[in-house]
Structures are given as C-alpha cells and as structure tokens.
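Listing of run.txt, compact mmCIF, N, CA and C atoms
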```txt
# COMPACT_ATOMS: atom_id res chain seq x y z
N MET A 1 18.18 -3.92 11.23
CA MET A 1 17.77 -3.41 9.95
C MET A 1 16.30 -3.01 10.04
N ASN A 2 15.94 -1.92 9.38
CA ASN A 2 14.56 -1.44 9.36
C ASN A 2 14.20 -1.04 7.94
N LEU A 3 13.00 -1.38 7.51
CA LEU A 3 12.54 -0.97 6.19
C LEU A 3 12.22 0.52 6.23
N ASN A 4 12.91 1.27 5.40
CA ASN A 4 12.75 2.72 5.37
C ASN A 4 11.69 3.14 4.36
N GLN A 5 11.81 2.63 3.14
CA GLN A 5 11.02 3.18 2.05
C GLN A 5 10.74 2.14 0.99
N ILE A 6 9.59 2.28 0.36
CA ILE A 6 9.23 1.53 -0.84
C ILE A 6 9.10 2.56 -1.96
N THR A 7 9.64 2.26 -3.13
CA THR A 7 9.52 3.14 -4.29
C THR A 7 8.89 2.36 -5.44
N ILE A 8 7.87 2.96 -6.06
CA ILE A 8 7.19 2.31 -7.17
C ILE A 8 7.29 3.17 -8.43
N PRO A 9 7.19 2.55 -9.61
CA PRO A 9 7.21 3.29 -10.86
C PRO A 9 5.81 3.80 -11.23
N SER A 10 5.78 4.88 -12.02
CA SER A 10 4.52 5.42 -12.53
C SER A 10 4.77 6.09 -13.87
N ILE A 11 3.80 6.01 -14.74
CA ILE A 11 3.91 6.73 -16.01
C ILE A 11 3.38 8.17 -15.90
N ASP A 12 2.72 8.49 -14.79
CA ASP A 12 2.23 9.85 -14.54
C ASP A 12 2.30 10.12 -13.04
N VAL A 13 3.42 10.66 -12.61
CA VAL A 13 3.68 10.87 -11.18
C VAL A 13 2.68 11.85 -10.57
N GLU A 14 2.27 12.87 -11.31
CA GLU A 14 1.32 13.84 -10.76
C GLU A 14 -0.04 13.20 -10.49
N LYS A 15 -0.54 12.40 -11.41
CA LYS A 15 -1.82 11.71 -11.18
C LYS A 15 -1.68 10.68 -10.06
N ALA A 16 -0.57 9.96 -10.04
CA ALA A 16 -0.33 8.98 -8.97
C ALA A 16 -0.27 9.67 -7.61
N THR A 17 0.32 10.86 -7.58
CA THR A 17 0.40 11.63 -6.34
C THR A 17 -0.98 11.93 -5.79
N GLN A 18 -1.88 12.37 -6.63
CA GLN A 18 -3.24 12.67 -6.18
C GLN A 18 -3.92 11.41 -5.65
N PHE A 19 -3.72 10.29 -6.33
CA PHE A 19 -4.32 9.02 -5.91
C PHE A 19 -3.84 8.65 -4.50
N TYR A 20 -2.53 8.69 -4.27
CA TYR A 20 -1.99 8.28 -2.98
C TYR A 20 -2.30 9.30 -1.88
N LYS A 21 -2.45 10.57 -2.22
CA LYS A 21 -2.93 11.55 -1.24
C LYS A 21 -4.36 11.22 -0.84
N THR A 22 -5.18 10.79 -1.79
CA THR A 22 -6.55 10.38 -1.49
C THR A 22 -6.57 9.19 -0.55
N LEU A 23 -5.60 8.27 -0.69
CA LEU A 23 -5.51 7.13 0.22
C LEU A 23 -5.14 7.56 1.64
N GLY A 24 -4.53 8.74 1.78
CA GLY A 24 -4.21 9.24 3.11
C GLY A 24 -2.73 9.46 3.38
N LEU A 25 -1.87 9.29 2.37
CA LEU A 25 -0.45 9.52 2.57
C LEU A 25 -0.15 11.02 2.53
N LYS A 26 0.89 11.45 3.26
CA LYS A 26 1.25 12.87 3.36
C LYS A 26 2.45 13.16 2.46
N LEU A 27 2.27 14.03 1.49
CA LEU A 27 3.34 14.40 0.56
C LEU A 27 4.41 15.21 1.29
N ILE A 28 5.68 14.75 1.20
CA ILE A 28 6.77 15.47 1.88
C ILE A 28 7.88 15.92 0.91
N VAL A 29 7.96 15.32 -0.28
CA VAL A 29 8.93 15.73 -1.30
C VAL A 29 8.19 15.78 -2.64
N GLU A 30 8.29 16.91 -3.31
CA GLU A 30 7.63 17.07 -4.62
C GLU A 30 8.66 17.53 -5.63
N ALA A 31 9.00 16.66 -6.56
CA ALA A 31 9.95 16.99 -7.63
C ALA A 31 9.31 16.60 -8.97
N PHE A 32 8.13 17.18 -9.24
CA PHE A 32 7.42 16.87 -10.49
C PHE A 32 8.27 17.25 -11.67
N PRO A 33 8.21 16.51 -12.74
CA PRO A 33 7.33 15.37 -12.98
C PRO A 33 7.98 14.02 -12.67
N LYS A 34 9.17 14.04 -12.05
CA LYS A 34 9.95 12.80 -11.95
C LYS A 34 9.84 12.04 -10.64
N TYR A 35 9.51 12.70 -9.51
CA TYR A 35 9.62 12.00 -8.23
C TYR A 35 8.80 12.70 -7.16
N VAL A 36 8.22 11.88 -6.27
CA VAL A 36 7.59 12.37 -5.04
C VAL A 36 7.83 11.37 -3.93
N ARG A 37 7.74 11.86 -2.70
CA ARG A 37 7.85 10.97 -1.54
C ARG A 37 6.78 11.36 -0.52
N PHE A 38 6.25 10.34 0.14
CA PHE A 38 5.21 10.51 1.14
C PHE A 38 5.65 9.94 2.48
N GLU A 39 5.02 10.43 3.54
CA GLU A 39 5.07 9.77 4.84
C GLU A 39 3.76 9.02 5.01
N CYS A 40 3.85 7.86 5.61
CA CYS A 40 2.64 7.14 5.97
C CYS A 40 2.06 7.81 7.21
N PRO A 41 0.73 7.79 7.38
CA PRO A 41 0.14 8.45 8.53
C PRO A 41 0.53 7.83 9.87
N ASP A 42 0.93 6.57 9.86
CA ASP A 42 1.37 5.88 11.08
C ASP A 42 2.74 5.28 10.83
N GLY A 43 3.56 5.23 11.83
CA GLY A 43 4.88 4.61 11.70
C GLY A 43 5.90 5.55 11.09
N GLU A 44 7.03 5.00 10.72
CA GLU A 44 8.15 5.79 10.22
C GLU A 44 8.47 5.55 8.75
N ALA A 45 7.79 4.62 8.10
CA ALA A 45 8.10 4.29 6.71
C ALA A 45 7.69 5.41 5.76
N THR A 46 8.44 5.51 4.66
CA THR A 46 8.07 6.44 3.60
C THR A 46 7.79 5.65 2.32
N PHE A 47 7.15 6.33 1.38
CA PHE A 47 6.67 5.71 0.15
C PHE A 47 6.93 6.71 -0.96
N SER A 48 7.59 6.28 -2.04
CA SER A 48 7.88 7.21 -3.12
C SER A 48 7.48 6.65 -4.47
N ILE A 49 7.38 7.58 -5.43
CA ILE A 49 6.98 7.25 -6.79
C ILE A 49 7.97 7.93 -7.73
N TYR A 50 8.43 7.19 -8.74
CA TYR A 50 9.33 7.78 -9.71
C TYR A 50 8.80 7.56 -11.13
N LEU A 51 9.13 8.45 -12.02
CA LEU A 51 8.65 8.45 -13.39
C LEU A 51 9.37 7.40 -14.24
N VAL A 52 8.58 6.64 -15.01
CA VAL A 52 9.11 5.71 -16.00
C VAL A 52 8.37 5.92 -17.31
N ASP A 53 8.97 5.44 -18.40
CA ASP A 53 8.33 5.55 -19.72
C ASP A 53 7.20 4.55 -19.91
N HIS A 54 7.36 3.37 -19.30
CA HIS A 54 6.32 2.34 -19.40
C HIS A 54 6.37 1.44 -18.17
N ILE A 55 5.27 0.79 -17.91
CA ILE A 55 5.17 -0.15 -16.80
C ILE A 55 5.30 -1.55 -17.36
N ASP A 56 6.20 -2.33 -16.80
CA ASP A 56 6.37 -3.71 -17.24
C ASP A 56 5.13 -4.52 -16.91
N GLU A 57 4.77 -5.43 -17.81
CA GLU A 57 3.65 -6.33 -17.55
C GLU A 57 4.12 -7.47 -16.67
N GLY A 58 3.19 -8.14 -16.06
CA GLY A 58 3.53 -9.26 -15.18
C GLY A 58 2.86 -9.08 -13.84
N ASN A 59 3.42 -9.73 -12.84
CA ASN A 59 2.81 -9.68 -11.51
C ASN A 59 2.92 -8.31 -10.87
N GLY A 60 3.93 -7.55 -11.18
CA GLY A 60 4.05 -6.20 -10.66
C GLY A 60 4.30 -6.12 -9.17
N ILE A 61 3.87 -5.02 -8.61
CA ILE A 61 4.14 -4.70 -7.22
C ILE A 61 2.86 -4.83 -6.41
N THR A 62 2.98 -5.36 -5.20
CA THR A 62 1.87 -5.39 -4.26
C THR A 62 2.26 -4.57 -3.05
N ILE A 63 1.39 -3.62 -2.68
CA ILE A 63 1.64 -2.70 -1.59
C ILE A 63 0.60 -2.96 -0.51
N TYR A 64 1.04 -3.18 0.71
CA TYR A 64 0.15 -3.42 1.84
C TYR A 64 0.15 -2.20 2.76
N PHE A 65 -1.05 -1.67 3.03
CA PHE A 65 -1.22 -0.60 4.00
C PHE A 65 -2.09 -1.13 5.12
N GLU A 66 -1.53 -1.19 6.34
CA GLU A 66 -2.30 -1.70 7.48
C GLU A 66 -3.07 -0.58 8.16
N VAL A 67 -4.32 -0.87 8.48
CA VAL A 67 -5.20 0.06 9.19
C VAL A 67 -5.85 -0.68 10.35
N ASP A 68 -6.38 0.06 11.29
CA ASP A 68 -7.06 -0.57 12.42
C ASP A 68 -8.42 -1.13 12.03
N ASP A 69 -9.14 -0.42 11.16
CA ASP A 69 -10.50 -0.81 10.79
C ASP A 69 -10.61 -0.81 9.26
N VAL A 70 -10.56 -1.98 8.66
CA VAL A 70 -10.56 -2.09 7.20
C VAL A 70 -11.85 -1.53 6.62
N GLU A 71 -13.00 -1.89 7.19
CA GLU A 71 -14.28 -1.43 6.65
C GLU A 71 -14.39 0.10 6.68
N GLU A 72 -13.97 0.69 7.79
CA GLU A 72 -14.03 2.15 7.90
C GLU A 72 -13.17 2.81 6.83
N LYS A 73 -11.95 2.31 6.63
CA LYS A 73 -11.05 2.88 5.62
C LYS A 73 -11.60 2.68 4.22
N VAL A 74 -12.07 1.47 3.93
CA VAL A 74 -12.62 1.18 2.60
C VAL A 74 -13.83 2.06 2.32
N ASN A 75 -14.74 2.16 3.27
CA ASN A 75 -15.93 2.99 3.06
C ASN A 75 -15.57 4.45 2.87
N GLY A 76 -14.58 4.95 3.62
CA GLY A 76 -14.12 6.32 3.45
C GLY A 76 -13.52 6.56 2.07
N LEU A 77 -12.74 5.59 1.59
CA LEU A 77 -12.12 5.72 0.26
C LEU A 77 -13.16 5.61 -0.84
N LYS A 78 -14.13 4.72 -0.68
CA LYS A 78 -15.21 4.61 -1.67
C LYS A 78 -15.98 5.93 -1.78
N ALA A 79 -16.19 6.58 -0.63
CA ALA A 79 -16.89 7.87 -0.63
C ALA A 79 -16.11 8.95 -1.40
N LYS A 80 -14.79 8.74 -1.52
CA LYS A 80 -13.93 9.67 -2.27
C LYS A 80 -13.76 9.24 -3.73
N GLY A 81 -14.46 8.17 -4.14
CA GLY A 81 -14.41 7.73 -5.53
C GLY A 81 -13.43 6.63 -5.83
N ILE A 82 -12.76 6.08 -4.83
CA ILE A 82 -11.81 4.99 -5.05
C ILE A 82 -12.60 3.70 -5.28
N VAL A 83 -12.24 2.97 -6.34
CA VAL A 83 -12.92 1.74 -6.70
C VAL A 83 -12.09 0.54 -6.22
N PHE A 84 -12.76 -0.39 -5.56
CA PHE A 84 -12.11 -1.59 -5.05
C PHE A 84 -12.42 -2.78 -5.94
N GLU A 85 -11.43 -3.65 -6.14
CA GLU A 85 -11.63 -4.91 -6.87
C GLU A 85 -12.30 -5.95 -5.99
N GLU A 86 -11.99 -5.89 -4.70
CA GLU A 86 -12.49 -6.87 -3.75
C GLU A 86 -12.72 -6.19 -2.41
N ASP A 87 -13.95 -6.31 -1.89
CA ASP A 87 -14.25 -5.76 -0.58
C ASP A 87 -13.56 -6.56 0.51
N ALA A 88 -13.59 -6.04 1.71
CA ALA A 88 -12.92 -6.66 2.84
C ALA A 88 -13.44 -8.06 3.10
N LYS A 89 -12.49 -8.97 3.31
CA LYS A 89 -12.86 -10.33 3.69
C LYS A 89 -11.73 -10.94 4.49
N ASN A 90 -12.08 -11.91 5.31
CA ASN A 90 -11.10 -12.62 6.11
C ASN A 90 -10.35 -13.61 5.24
N GLN A 91 -9.03 -13.67 5.42
CA GLN A 91 -8.18 -14.57 4.65
C GLN A 91 -7.76 -15.74 5.53
N SER A 92 -7.35 -16.83 4.90
CA SER A 92 -6.94 -18.02 5.65
C SER A 92 -5.68 -17.78 6.48
N TRP A 93 -4.89 -16.75 6.14
CA TRP A 93 -3.67 -16.43 6.89
C TRP A 93 -3.97 -15.46 8.03
N LEU A 94 -5.27 -15.29 8.37
CA LEU A 94 -5.74 -14.55 9.54
C LEU A 94 -5.63 -13.04 9.40
N TRP A 95 -5.62 -12.54 8.18
CA TRP A 95 -5.66 -11.11 7.92
C TRP A 95 -7.02 -10.77 7.31
N ARG A 96 -7.49 -9.55 7.52
CA ARG A 96 -8.68 -9.05 6.84
C ARG A 96 -8.19 -8.09 5.78
N GLU A 97 -8.59 -8.31 4.52
CA GLU A 97 -8.04 -7.55 3.40
C GLU A 97 -9.12 -7.08 2.43
N ALA A 98 -8.86 -5.91 1.84
CA ALA A 98 -9.62 -5.40 0.70
C ALA A 98 -8.60 -5.04 -0.38
N LYS A 99 -8.97 -5.24 -1.65
CA LYS A 99 -8.00 -5.06 -2.73
C LYS A 99 -8.46 -4.03 -3.75
N LEU A 100 -7.48 -3.27 -4.24
CA LEU A 100 -7.71 -2.30 -5.31
C LEU A 100 -6.43 -2.16 -6.11
N LYS A 101 -6.51 -1.44 -7.23
CA LYS A 101 -5.34 -1.16 -8.06
C LYS A 101 -5.14 0.34 -8.12
N ASP A 102 -3.87 0.77 -8.23
CA ASP A 102 -3.61 2.19 -8.45
C ASP A 102 -3.67 2.47 -9.94
N LEU A 103 -3.37 3.69 -10.34
CA LEU A 103 -3.48 4.09 -11.74
C LEU A 103 -2.48 3.40 -12.66
N ASP A 104 -1.42 2.83 -12.08
CA ASP A 104 -0.40 2.12 -12.86
C ASP A 104 -0.55 0.62 -12.73
N ASN A 105 -1.69 0.18 -12.22
CA ASN A 105 -2.04 -1.24 -12.10
C ASN A 105 -1.26 -1.97 -11.00
N ASN A 106 -0.67 -1.25 -10.07
CA ASN A 106 -0.05 -1.88 -8.91
C ASN A 106 -1.15 -2.33 -7.96
N GLN A 107 -1.00 -3.51 -7.39
CA GLN A 107 -1.98 -4.05 -6.44
C GLN A 107 -1.80 -3.40 -5.08
N ILE A 108 -2.89 -2.91 -4.51
CA ILE A 108 -2.87 -2.33 -3.17
C ILE A 108 -3.80 -3.16 -2.30
N ILE A 109 -3.33 -3.48 -1.12
CA ILE A 109 -4.14 -4.22 -0.17
C ILE A 109 -4.23 -3.40 1.11
N ILE A 110 -5.47 -3.05 1.45
CA ILE A 110 -5.76 -2.39 2.72
C ILE A 110 -6.11 -3.53 3.67
N TYR A 111 -5.39 -3.64 4.78
CA TYR A 111 -5.57 -4.83 5.61
C TYR A 111 -5.42 -4.52 7.09
N HIS A 112 -5.84 -5.49 7.87
CA HIS A 112 -5.57 -5.50 9.31
C HIS A 112 -5.15 -6.91 9.68
N ALA A 113 -4.03 -7.02 10.35
CA ALA A 113 -3.53 -8.33 10.77
C ALA A 113 -3.36 -8.41 12.27
N GLY A 114 -3.22 -7.27 12.92
CA GLY A 114 -3.00 -7.28 14.37
C GLY A 114 -1.77 -8.11 14.72
N LYS A 115 -1.88 -8.91 15.77
CA LYS A 115 -0.74 -9.72 16.22
C LYS A 115 -0.32 -10.75 15.18
N ASN A 116 -1.22 -11.12 14.27
CA ASN A 116 -0.89 -12.14 13.27
C ASN A 116 0.02 -11.63 12.15
N ARG A 117 0.25 -10.33 12.09
CA ARG A 117 1.16 -9.80 11.06
C ARG A 117 2.56 -10.38 11.24
N LYS A 118 3.04 -10.39 12.46
CA LYS A 118 4.39 -10.91 12.72
C LYS A 118 4.39 -12.18 13.56
N ASN A 119 3.26 -12.49 14.16
CA ASN A 119 3.21 -13.64 15.06
C ASN A 119 2.02 -14.56 14.78
N PRO A 120 1.92 -15.09 13.56
CA PRO A 120 0.83 -16.03 13.30
C PRO A 120 1.06 -17.33 14.06
N PRO A 121 0.03 -18.15 14.24
CA PRO A 121 0.20 -19.40 14.96
C PRO A 121 1.29 -20.32 14.38
N TRP A 122 1.59 -20.18 13.11
CA TRP A 122 2.57 -21.04 12.45
C TRP A 122 3.96 -20.39 12.38
N ARG A 123 4.19 -19.31 13.13
CA ARG A 123 5.51 -18.67 13.15
C ARG A 123 6.56 -19.67 13.62
N ILE A 124 7.74 -19.59 13.02
CA ILE A 124 8.86 -20.43 13.40
C ILE A 124 9.28 -20.07 14.82
N LYS A 125 9.45 -21.06 15.64
CA LYS A 125 9.82 -20.85 17.04
C LYS A 125 11.32 -20.60 17.16
N ASN A 126 11.70 -19.80 18.16
CA ASN A 126 13.10 -19.53 18.49
C ASN A 126 13.91 -18.98 17.33
N THR A 127 13.35 -18.00 16.60
CA THR A 127 14.13 -17.37 15.53
C THR A 127 15.12 -16.39 16.13
N GLU A 128 16.26 -16.26 15.48
CA GLU A 128 17.30 -15.35 16.00
C GLU A 128 17.39 -14.12 15.14
```

Turn this file's structure into structure tokens for me.
Amino acid sequence: MNLNQITIPSIDVEKATQFYKTLGLKLIVEAFPKYVRFECPDGEATFSIYLVDHIDEGNGITIYFEVDDVEEKVNGLKAKGIVFEEDAKNQSWLWREAKLKDLDNNQIIIYHAGKNRKNPPWRIKNTE
C-alpha cells in the first residue's frame, strides 16, 4: 500500500491554490471553483483541495511537508510573505519543524526528519 493523495477542504479554493503554489507545489488539475490537485516537488504524492461551505472547528488537519533544509525553506517562504507561527526548532521526537497555518486554518509543518522519519531509535523491532 502507498499513500497517493491527501485532500483538504477550503472555503476559497482559488485563494488556497495561490497559497499552496507559493509553498512550492505544482498545480496539475484546475477545476475552479470546486477542486484542484497538485504534485509535490519531490516524491510521487499528490495534494488536492476541494470546496466546502464552511470549515469545521476543532483540531482540524495537520499537513507535513518534508524538506532537506528547514531554515532555507522557511526563509524563502518568509521572503514571499508567508507568516509562520513558530520558527524552526528541534523537537524531542528528533525532527526539526517550523509551523504555520493556511488560509483555512489547517496546520502546516515544514520539517526535516531524515532517517528518524521512519526509523527513530524507539521504532518497534521486527515489524512485518
């Protein structure tokens, strides 16, 4: 099994599209005003946005985008006007993360985990 795509809701797909293009995603399907799909710059996963009338309150969605250099990506996005809630910092789970929100209040984490993404020191041994 492989994760193909993540789809998130938005109350304004066109504005959300511009935001995610600024983050660096490549638009591959445009069906305004109801739907768009992107390719990530690395890997095979896709990311899409669909139109909703309202966004539910609560914990919502958290989206992780892995990069090689968190500071370089964050500084580049800040130069484009993207505002971060939290600058890059090392986490106890051995990832380096910076946090921001998209226009629909979804949490976005720009991070680097390297080998610890799938193989942290506390990984279960002999998984099948």

Those in chain A with helix (DSSP H, G or I) from DSSP, as a PDB file with N, CA and C atoms, in the coordinates of the input:
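And here is the file that came out, part_18.pdb:
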```
ATOM      1  N   VAL A  13       3.420  10.660 -12.610  1.00  0.00           N
ATOM      2  CA  VAL A  13       3.680  10.870 -11.180  1.00  0.00           C
ATOM      3  C   VAL A  13       2.680  11.850 -10.570  1.00  0.00           C
ATOM      4  N   GLU A  14       2.270  12.870 -11.310  1.00  0.00           N
ATOM      5  CA  GLU A  14       1.320  13.840 -10.760  1.00  0.00           C
ATOM      6  C   GLU A  14      -0.040  13.200 -10.490  1.00  0.00           C
ATOM      7  N   LYS A  15      -0.540  12.400 -11.410  1.00  0.00           N
ATOM      8  CA  LYS A  15      -1.820  11.710 -11.180  1.00  0.00           C
ATOM      9  C   LYS A  15      -1.680  10.680 -10.060  1.00  0.00           C
ATOM     10  N   ALA A  16      -0.570   9.960 -10.040  1.00  0.00           N
ATOM     11  CA  ALA A  16      -0.330   8.980  -8.970  1.00  0.00           C
ATOM     12  C   ALA A  16      -0.270   9.670  -7.610  1.00  0.00           C
ATOM     13  N   THR A  17       0.320  10.860  -7.580  1.00  0.00           N
ATOM     14  CA  THR A  17       0.400  11.630  -6.340  1.00  0.00           C
ATOM     15  C   THR A  17      -0.980  11.930  -5.790  1.00  0.00           C
ATOM     16  N   GLN A  18      -1.880  12.370  -6.630  1.00  0.00           N
ATOM     17  CA  GLN A  18      -3.240  12.670  -6.180  1.00  0.00           C
ATOM     18  C   GLN A  18      -3.920  11.410  -5.650  1.00  0.00           C
ATOM     19  N   PHE A  19      -3.720  10.290  -6.330  1.00  0.00           N
ATOM     20  CA  PHE A  19      -4.320   9.020  -5.910  1.00  0.00           C
ATOM     21  C   PHE A  19      -3.840   8.650  -4.500  1.00  0.00           C
ATOM     22  N   TYR A  20      -2.530   8.690  -4.270  1.00  0.00           N
ATOM     23  CA  TYR A  20      -1.990   8.280  -2.980  1.00  0.00           C
ATOM     24  C   TYR A  20      -2.300   9.300  -1.880  1.00  0.00           C
ATOM     25  N   LYS A  21      -2.450  10.570  -2.220  1.00  0.00           N
ATOM     26  CA  LYS A  21      -2.930  11.550  -1.240  1.00  0.00           C
ATOM     27  C   LYS A  21      -4.360  11.220  -0.840  1.00  0.00           C
ATOM     28  N   THR A  22      -5.180  10.790  -1.790  1.00  0.00           N
ATOM     29  CA  THR A  22      -6.550  10.380  -1.490  1.00  0.00           C
ATOM     30  C   THR A  22      -6.570   9.190  -0.550  1.00  0.00           C
ATOM     31  N   LEU A  23      -5.600   8.270  -0.690  1.00  0.00           N
ATOM     32  CA  LEU A  23      -5.510   7.130   0.220  1.00  0.00           C
ATOM     33  C   LEU A  23      -5.140   7.560   1.640  1.00  0.00           C
ATOM     34  N   VAL A  70     -10.560  -1.980   8.660  1.00  0.00           N
ATOM     35  CA  VAL A  70     -10.560  -2.090   7.200  1.00  0.00           C
ATOM     36  C   VAL A  70     -11.850  -1.530   6.620  1.00  0.00           C
ATOM     37  N   GLU A  71     -13.000  -1.890   7.190  1.00  0.00           N
ATOM     38  CA  GLU A  71     -14.280  -1.430   6.650  1.00  0.00           C
ATOM     39  C   GLU A  71     -14.390   0.100   6.680  1.00  0.00           C
ATOM     40  N   GLU A  72     -13.970   0.690   7.790  1.00  0.00           N
ATOM     41  CA  GLU A  72     -14.030   2.150   7.900  1.00  0.00           C
ATOM     42  C   GLU A  72     -13.170   2.810   6.830  1.00  0.00           C
ATOM     43  N   LYS A  73     -11.950   2.310   6.630  1.00  0.00           N
ATOM     44  CA  LYS A  73     -11.050   2.880   5.620  1.00  0.00           C
ATOM     45  C   LYS A  73     -11.600   2.680   4.220  1.00  0.00           C
ATOM     46  N   VAL A  74     -12.070   1.470   3.930  1.00  0.00           N
ATOM     47  CA  VAL A  74     -12.620   1.180   2.600  1.00  0.00           C
ATOM     48  C   VAL A  74     -13.830   2.060   2.320  1.00  0.00           C
ATOM     49  N   ASN A  75     -14.740   2.160   3.270  1.00  0.00           N
ATOM     50  CA  ASN A  75     -15.930   2.990   3.060  1.00  0.00           C
ATOM     51  C   ASN A  75     -15.570   4.450   2.870  1.00  0.00           C
ATOM     52  N   GLY A  76     -14.580   4.950   3.620  1.00  0.00           N
ATOM     53  CA  GLY A  76     -14.120   6.320   3.450  1.00  0.00           C
ATOM     54  C   GLY A  76     -13.520   6.560   2.070  1.00  0.00           C
ATOM     55  N   LEU A  77     -12.740   5.590   1.590  1.00  0.00           N
ATOM     56  CA  LEU A  77     -12.120   5.720   0.260  1.00  0.00           C
ATOM     57  C   LEU A  77     -13.160   5.610  -0.840  1.00  0.00           C
ATOM     58  N   LYS A  78     -14.130   4.720  -0.680  1.00  0.00           N
ATOM     59  CA  LYS A  78     -15.210   4.610  -1.670  1.00  0.00           C
ATOM     60  C   LYS A  78     -15.980   5.930  -1.780  1.00  0.00           C
ATOM     61  N   ALA A  79     -16.190   6.580  -0.630  1.00  0.00           N
ATOM     62  CA  ALA A  79     -16.890   7.870  -0.630  1.00  0.00           C
ATOM     63  C   ALA A  79     -16.110   8.950  -1.400  1.00  0.00           C
ATOM     64  N   GLY A 114      -3.220  -7.270  12.920  1.00  0.00           N
ATOM     65  CA  GLY A 114      -3.000  -7.280  14.370  1.00  0.00           C
ATOM     66  C   GLY A 114      -1.770  -8.110  14.720  1.00  0.00           C
ATOM     67  N   LYS A 115      -1.880  -8.910  15.770  1.00  0.00           N
ATOM     68  CA  LYS A 115      -0.740  -9.720  16.220  1.00  0.00           C
ATOM     69  C   LYS A 115      -0.320 -10.750  15.180  1.00  0.00           C
ATOM     70  N   ASN A 116      -1.220 -11.120  14.270  1.00  0.00           N
ATOM     71  CA  ASN A 116      -0.890 -12.140  13.270  1.00  0.00           C
ATOM     72  C   ASN A 116       0.020 -11.630  12.150  1.00  0.00           C
ATOM     73  N   ARG A 117       0.250 -10.330  12.090  1.00  0.00           N
ATOM     74  CA  ARG A 117       1.160  -9.800  11.060  1.00  0.00           C
ATOM     75  C   ARG A 117       2.560 -10.380  11.240  1.00  0.00           C
TER      76      ARG A 117
END
```

Non-local contacts of segment 7-12 of chain A (6.5 Å; all atoms listed in the file; under 3 positions in same chain excluded) as a ChimeraX atom specification: /A:15-17,47-55,104

Residues within 6 Å of (-7.7, -3.7, 4.1), counting all atoms listed in the file, listed as a list in words: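 Collected hits near the coordinates: Val70, Arg96, Glu97, Ala98, Ile109, Ile110, Tyr111 and His112 of chain A.
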
Residues of chain A in strand (DSSP E), written as a PyMOL selection string: chain A and resi 5-10+26-31+35-39+46-51+62-66+86-90+96-101+107-112

Residues within 12 Å of Asn4 of chain A, only C-alpha atoms, excluding chain neighbours under 6 positions, as a list in words: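 The filter keeps Arg37, Phe38, Glu39, Cys40, Gly43, Glu44, Ala45, Thr46, Phe47 and Ser48 of chain A.
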
Selected residue, from A:Thr62, A:Asn2, A:Asn119, A:Asn126, that lies nearest to Asn106 of chain A when counting all atoms listed in the file: A:Thr62

Test item: which residues lie within 8 Å of (-2.8, -15.1, 8.2) counting only C-alpha atoms, as a list in words: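 Final list of nearby residues, as requested, is Gln91, Ser92, Trp93, Leu94, Trp95, Ala113, Asn116, Arg117 and Pro120 of chain A.
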
Kindly reconstruct segment 114-118 of chain A with all heavy atoms and present the result as a short mmCIF file (atom, residue, chain, number, x, y, z; two decimals), in the coordinates of the input.
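As a result, rebuild13.cif now contains:
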```
data_model
loop_
_atom_site.label_atom_id
_atom_site.label_comp_id
_atom_site.auth_asym_id
_atom_site.auth_seq_id
_atom_site.Cartn_x
_atom_site.Cartn_y
_atom_site.Cartn_z
N GLY A 114 -3.22 -7.27 12.92
CA GLY A 114 -3.00 -7.28 14.37
C GLY A 114 -1.77 -8.11 14.72
O GLY A 114 -0.75 -8.06 14.04
N LYS A 115 -1.88 -8.91 15.77
CA LYS A 115 -0.74 -9.72 16.22
C LYS A 115 -0.32 -10.75 15.18
O LYS A 115 0.82 -11.21 15.18
CB LYS A 115 -1.06 -10.41 17.54
CG LYS A 115 -2.12 -11.47 17.44
CD LYS A 115 -2.38 -12.16 18.75
CE LYS A 115 -3.44 -13.24 18.53
NZ LYS A 115 -3.66 -14.06 19.67
N ASN A 116 -1.22 -11.12 14.27
CA ASN A 116 -0.89 -12.14 13.27
C ASN A 116 0.02 -11.63 12.15
O ASN A 116 0.51 -12.42 11.36
CB ASN A 116 -2.18 -12.71 12.67
CG ASN A 116 -2.94 -13.51 13.69
OD1 ASN A 116 -2.38 -14.36 14.37
ND2 ASN A 116 -4.22 -13.23 13.81
N ARG A 117 0.25 -10.33 12.09
CA ARG A 117 1.16 -9.80 11.06
C ARG A 117 2.56 -10.38 11.24
O ARG A 117 3.18 -10.83 10.29
CB ARG A 117 1.21 -8.28 11.11
CG ARG A 117 2.08 -7.69 10.01
CD ARG A 117 1.98 -6.19 9.94
NE ARG A 117 2.54 -5.52 11.09
CZ ARG A 117 3.84 -5.24 11.25
NH1 ARG A 117 4.71 -5.59 10.33
NH2 ARG A 117 4.25 -4.62 12.32
N LYS A 118 3.04 -10.39 12.46
CA LYS A 118 4.39 -10.91 12.72
C LYS A 118 4.39 -12.18 13.56
O LYS A 118 5.41 -12.84 13.65
CB LYS A 118 5.24 -9.84 13.41
CG LYS A 118 5.59 -8.69 12.47
CD LYS A 118 6.40 -7.63 13.14
CE LYS A 118 7.78 -8.09 13.48
NZ LYS A 118 8.63 -7.04 14.04
#
```
